[in-house]
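Heads up, work22.cif below (mmCIF, C-alpha atoms):
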```cif
data_input
#
loop_
_atom_site.label_atom_id
_atom_site.label_comp_id
_atom_site.auth_asym_id
_atom_site.auth_seq_id
_atom_site.Cartn_x
_atom_site.Cartn_y
_atom_site.Cartn_z
CA MET A 1 20.61 -0.49 -19.74
CA THR A 2 19.79 -2.10 -23.07
CA ALA A 3 17.87 -5.34 -23.43
CA LEU A 4 21.03 -7.15 -24.48
CA SER A 5 23.12 -5.88 -21.56
CA ARG A 6 20.24 -6.67 -19.18
CA SER A 7 20.07 -10.19 -20.61
CA ILE A 8 23.83 -10.65 -20.19
CA TRP A 9 23.69 -9.25 -16.63
CA VAL A 10 20.80 -11.56 -15.70
CA HIS A 11 22.59 -14.53 -17.22
CA ARG A 12 25.81 -13.82 -15.33
CA ALA A 13 24.10 -12.94 -12.07
CA LEU A 14 21.89 -15.99 -12.11
CA THR A 15 24.41 -18.65 -13.06
CA GLU A 16 24.79 -19.70 -9.42
CA PHE A 17 21.04 -19.56 -8.89
CA VAL A 18 20.37 -21.67 -11.99
CA ARG A 19 22.86 -24.25 -10.69
CA LEU A 20 21.17 -24.21 -7.27
CA CYS A 21 17.77 -24.77 -8.90
CA ARG A 22 19.14 -27.60 -11.02
CA SER A 23 20.41 -29.23 -7.82
CA VAL A 24 16.80 -29.56 -6.63
CA ASP A 25 15.54 -30.55 -10.09
CA HIS A 26 13.48 -27.38 -10.65
CA THR A 27 13.67 -24.46 -13.04
CA PRO A 28 14.52 -21.00 -11.70
CA ILE A 29 11.01 -19.88 -12.66
CA ASP A 30 9.42 -22.65 -10.60
CA VAL A 31 11.64 -21.89 -7.60
CA LEU A 32 10.98 -18.13 -7.78
CA ARG A 33 7.23 -18.66 -8.21
CA GLY A 34 7.29 -20.97 -5.20
CA PHE A 35 9.19 -18.43 -3.12
CA VAL A 36 6.83 -15.64 -4.15
CA GLY A 37 3.85 -17.81 -3.25
CA ASP A 38 5.36 -18.61 0.14
CA ALA A 39 6.44 -15.04 0.93
CA ALA A 40 3.02 -13.70 -0.12
CA ASP A 41 1.33 -16.26 2.17
CA ILE A 42 -0.65 -17.73 -0.71
CA ASN A 43 -2.74 -20.77 0.09
CA ASN A 44 -3.77 -22.51 -3.08
CA TYR A 45 -6.52 -24.95 -2.31
CA VAL A 46 -6.95 -27.98 -4.54
CA ASP A 47 -10.67 -27.24 -4.83
CA TRP A 48 -10.05 -23.57 -5.74
CA PRO A 49 -6.78 -23.25 -7.64
CA ARG A 50 -5.54 -19.76 -8.45
CA ALA A 51 -5.77 -18.75 -12.09
CA ASP A 52 -2.19 -17.41 -12.04
CA GLY A 53 -0.84 -20.76 -10.81
CA TYR A 54 0.90 -19.39 -7.72
CA ASP A 55 0.97 -21.74 -4.78
CA SER A 56 2.72 -22.33 -1.48
CA ASN A 57 5.12 -25.10 -0.58
CA GLY A 58 3.58 -25.40 2.89
CA SER A 59 3.13 -23.53 6.14
CA ASP A 60 6.74 -23.91 7.31
CA GLU A 61 8.01 -22.64 3.97
CA ARG A 62 5.61 -19.67 4.14
CA ASP A 63 6.91 -18.82 7.63
CA MET A 64 10.56 -19.13 6.57
CA ALA A 65 10.07 -17.06 3.40
CA LYS A 66 8.39 -14.27 5.37
CA GLU A 67 11.14 -14.43 8.01
CA TRP A 68 13.81 -14.14 5.31
CA LEU A 69 12.06 -11.19 3.69
CA LEU A 70 11.75 -9.36 7.00
CA ARG A 71 15.35 -10.15 7.95
CA ALA A 72 16.69 -8.96 4.59
CA TYR A 73 14.41 -5.97 4.05
CA GLY A 74 12.59 -5.36 7.33
CA MET A 75 14.44 -2.11 7.98
CA TYR A 76 12.50 -0.65 5.04
CA ALA A 77 9.11 -1.95 6.21
CA ILE A 78 6.17 0.41 6.18
CA ASP A 79 2.70 0.03 7.62
CA LEU A 80 0.63 -0.39 4.45
CA ASP A 81 -2.66 -0.29 6.37
CA GLN A 82 -1.70 3.07 7.88
CA LEU A 83 -0.54 4.36 4.49
CA GLU A 84 -3.80 3.32 2.80
CA LEU A 85 -5.83 4.89 5.63
CA ALA A 86 -3.90 8.16 5.24
CA LYS A 87 -4.58 8.14 1.48
CA GLU A 88 -8.30 7.58 2.11
CA GLU A 89 -8.37 10.39 4.68
CA ASN A 90 -6.57 12.73 2.28
CA ALA A 91 -9.03 11.88 -0.48
CA ALA A 92 -11.97 12.49 1.85
CA ARG A 93 -10.50 15.83 2.90
CA ALA A 94 -9.95 16.81 -0.76
CA ASN A 95 -13.59 15.94 -1.47
CA ALA A 96 -14.68 18.05 1.51
CA ARG A 97 -12.61 20.97 0.16
CA ASP A 98 -14.31 20.61 -3.22
CA ASP A 99 -17.71 20.54 -1.52
CA LEU A 100 -16.86 23.66 0.51
CA GLY A 101 -15.67 25.40 -2.65
CA ALA A 102 -18.96 24.60 -4.35
CA LEU A 103 -20.87 25.91 -1.31
CA LEU A 104 -18.81 29.10 -1.34
CA ASP A 105 -19.59 29.63 -5.03
CA GLU A 106 -23.28 29.06 -4.35
CA PHE A 107 -23.17 31.45 -1.36
CA ILE A 108 -21.51 34.20 -3.41
CA ASP A 109 -23.84 33.62 -6.38
CA ASP A 110 -26.80 34.11 -4.03
CA GLY A 111 -25.41 37.50 -2.94
CA GLY A 112 -23.53 36.44 0.19
CA SER A 113 -20.47 38.25 1.47
CA VAL A 114 -17.21 36.31 1.71
CA ASP A 115 -16.20 38.41 4.72
CA GLU A 116 -19.46 37.57 6.53
CA LEU A 117 -19.03 33.88 5.78
CA HIS A 118 -15.42 33.99 6.97
CA ALA A 119 -16.46 35.68 10.21
CA ALA A 120 -19.21 33.09 10.76
CA VAL A 121 -16.74 30.23 10.24
CA ASP A 122 -14.27 31.89 12.64
CA ASP A 123 -17.06 32.07 15.25
CA LEU A 124 -17.83 28.36 14.72
CA ILE A 125 -14.16 27.47 15.19
CA LYS A 126 -13.92 29.53 18.39
CA GLU A 127 -17.05 27.84 19.76
CA GLN A 128 -15.71 24.41 18.87
CA ARG A 129 -12.41 25.12 20.65
CA ARG A 130 -14.29 26.46 23.70
CA LYS A 131 -16.29 23.22 23.92
CA GLN A 132 -13.13 21.11 23.58
CA THR A 133 -11.48 23.08 26.37
CA LEU A 134 -14.49 22.49 28.63
CA LEU A 135 -14.44 18.76 27.88
CA GLN A 136 -10.74 18.51 28.72
CA GLN A 137 -11.19 20.09 32.15
#
```

If you took the structure in this file and wrote it as structure tokens, what would it be?
Amino acid sequence: MTALSRSIWVHRALTEFVRLCRSVDHTPIDVLRGFVGDAADINNYVDWPRADGYDSNGSDERDMAKEWLLRAYGMYAIDLDQLELAKEENAARANARDDLGALLDEFIDDGGSVDELHAAVDDLIKEQRRKQTLLQQ
């Protein structure tokens, strides 16, 4: 989509919205910024105004904006906290793999046998599973 066609599309799609905003004596930008501030649960305190100028229209408006967002798009909701935790865990596991790779290189450089190390790790895993089985009984 070219910039011109996007501009025409936005103009045509927003005609009704522009009229709605005019009916409450606000610009579409002001209304959208207000909705974003409400939906994002932004509290802009007079003593500490946000540099970006976003604000809320009040607690009821924040509640209603969040309710609308969940009603309209809630079926696509994801648990961001869980997603971020999974990313952190994956990064930690990748770091552990890198550390193990470095240890393996050091072990081999010092004359160690990969087969012996593999057997030792297998023994550790078997012992760990044996302990878990005992704890579960």

Give as a list in words the residues that the PyMOL selection byres ((chain A and resi 55-70) around 8) matches when applied to the coordinates above. Arg33, Gly34, Phe35, Gly37, Asp38, Ala39, Ala40, Asp41, Ile42, Asn43, Asn44, Arg50, Gly53, Tyr54, Arg71, Ala72, Tyr73, Gly74, Met75 and Ala77 of chain A

Using only the atoms of range 109-125 of chain A listed in the file, plus 6 Å on each side, state the axis-aligned box centre and edge lengths in Å rounded to one decimal, as lines of an AutoDock Vina configuration file.
```
center_x = -20.5
center_y = 32.9
center_z = 4.4
size_x = 24.6
size_y = 22.9
size_z = 33.6
```

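CA of Ala96 in chain A sits 16.6 Å away from CA of Ile125 in chain A.
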
Which value, in Å to one decimal, gives the distance between CA of Gln136 in chain A and CA of Val121 in chain A?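 It comes out at 22.7 Å.
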
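In this structure, CA of Val114 in chain A sits 13.3 Å away from CA of Ala102 in chain A.
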
Of the candidates A:Val46, A:Leu117, A:Leu20, A:Leu80, which one gets nearest to Leu100 in chain A if we count all atoms listed in the file?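 So, comparing all the options, the nearest one is A:Leu117.
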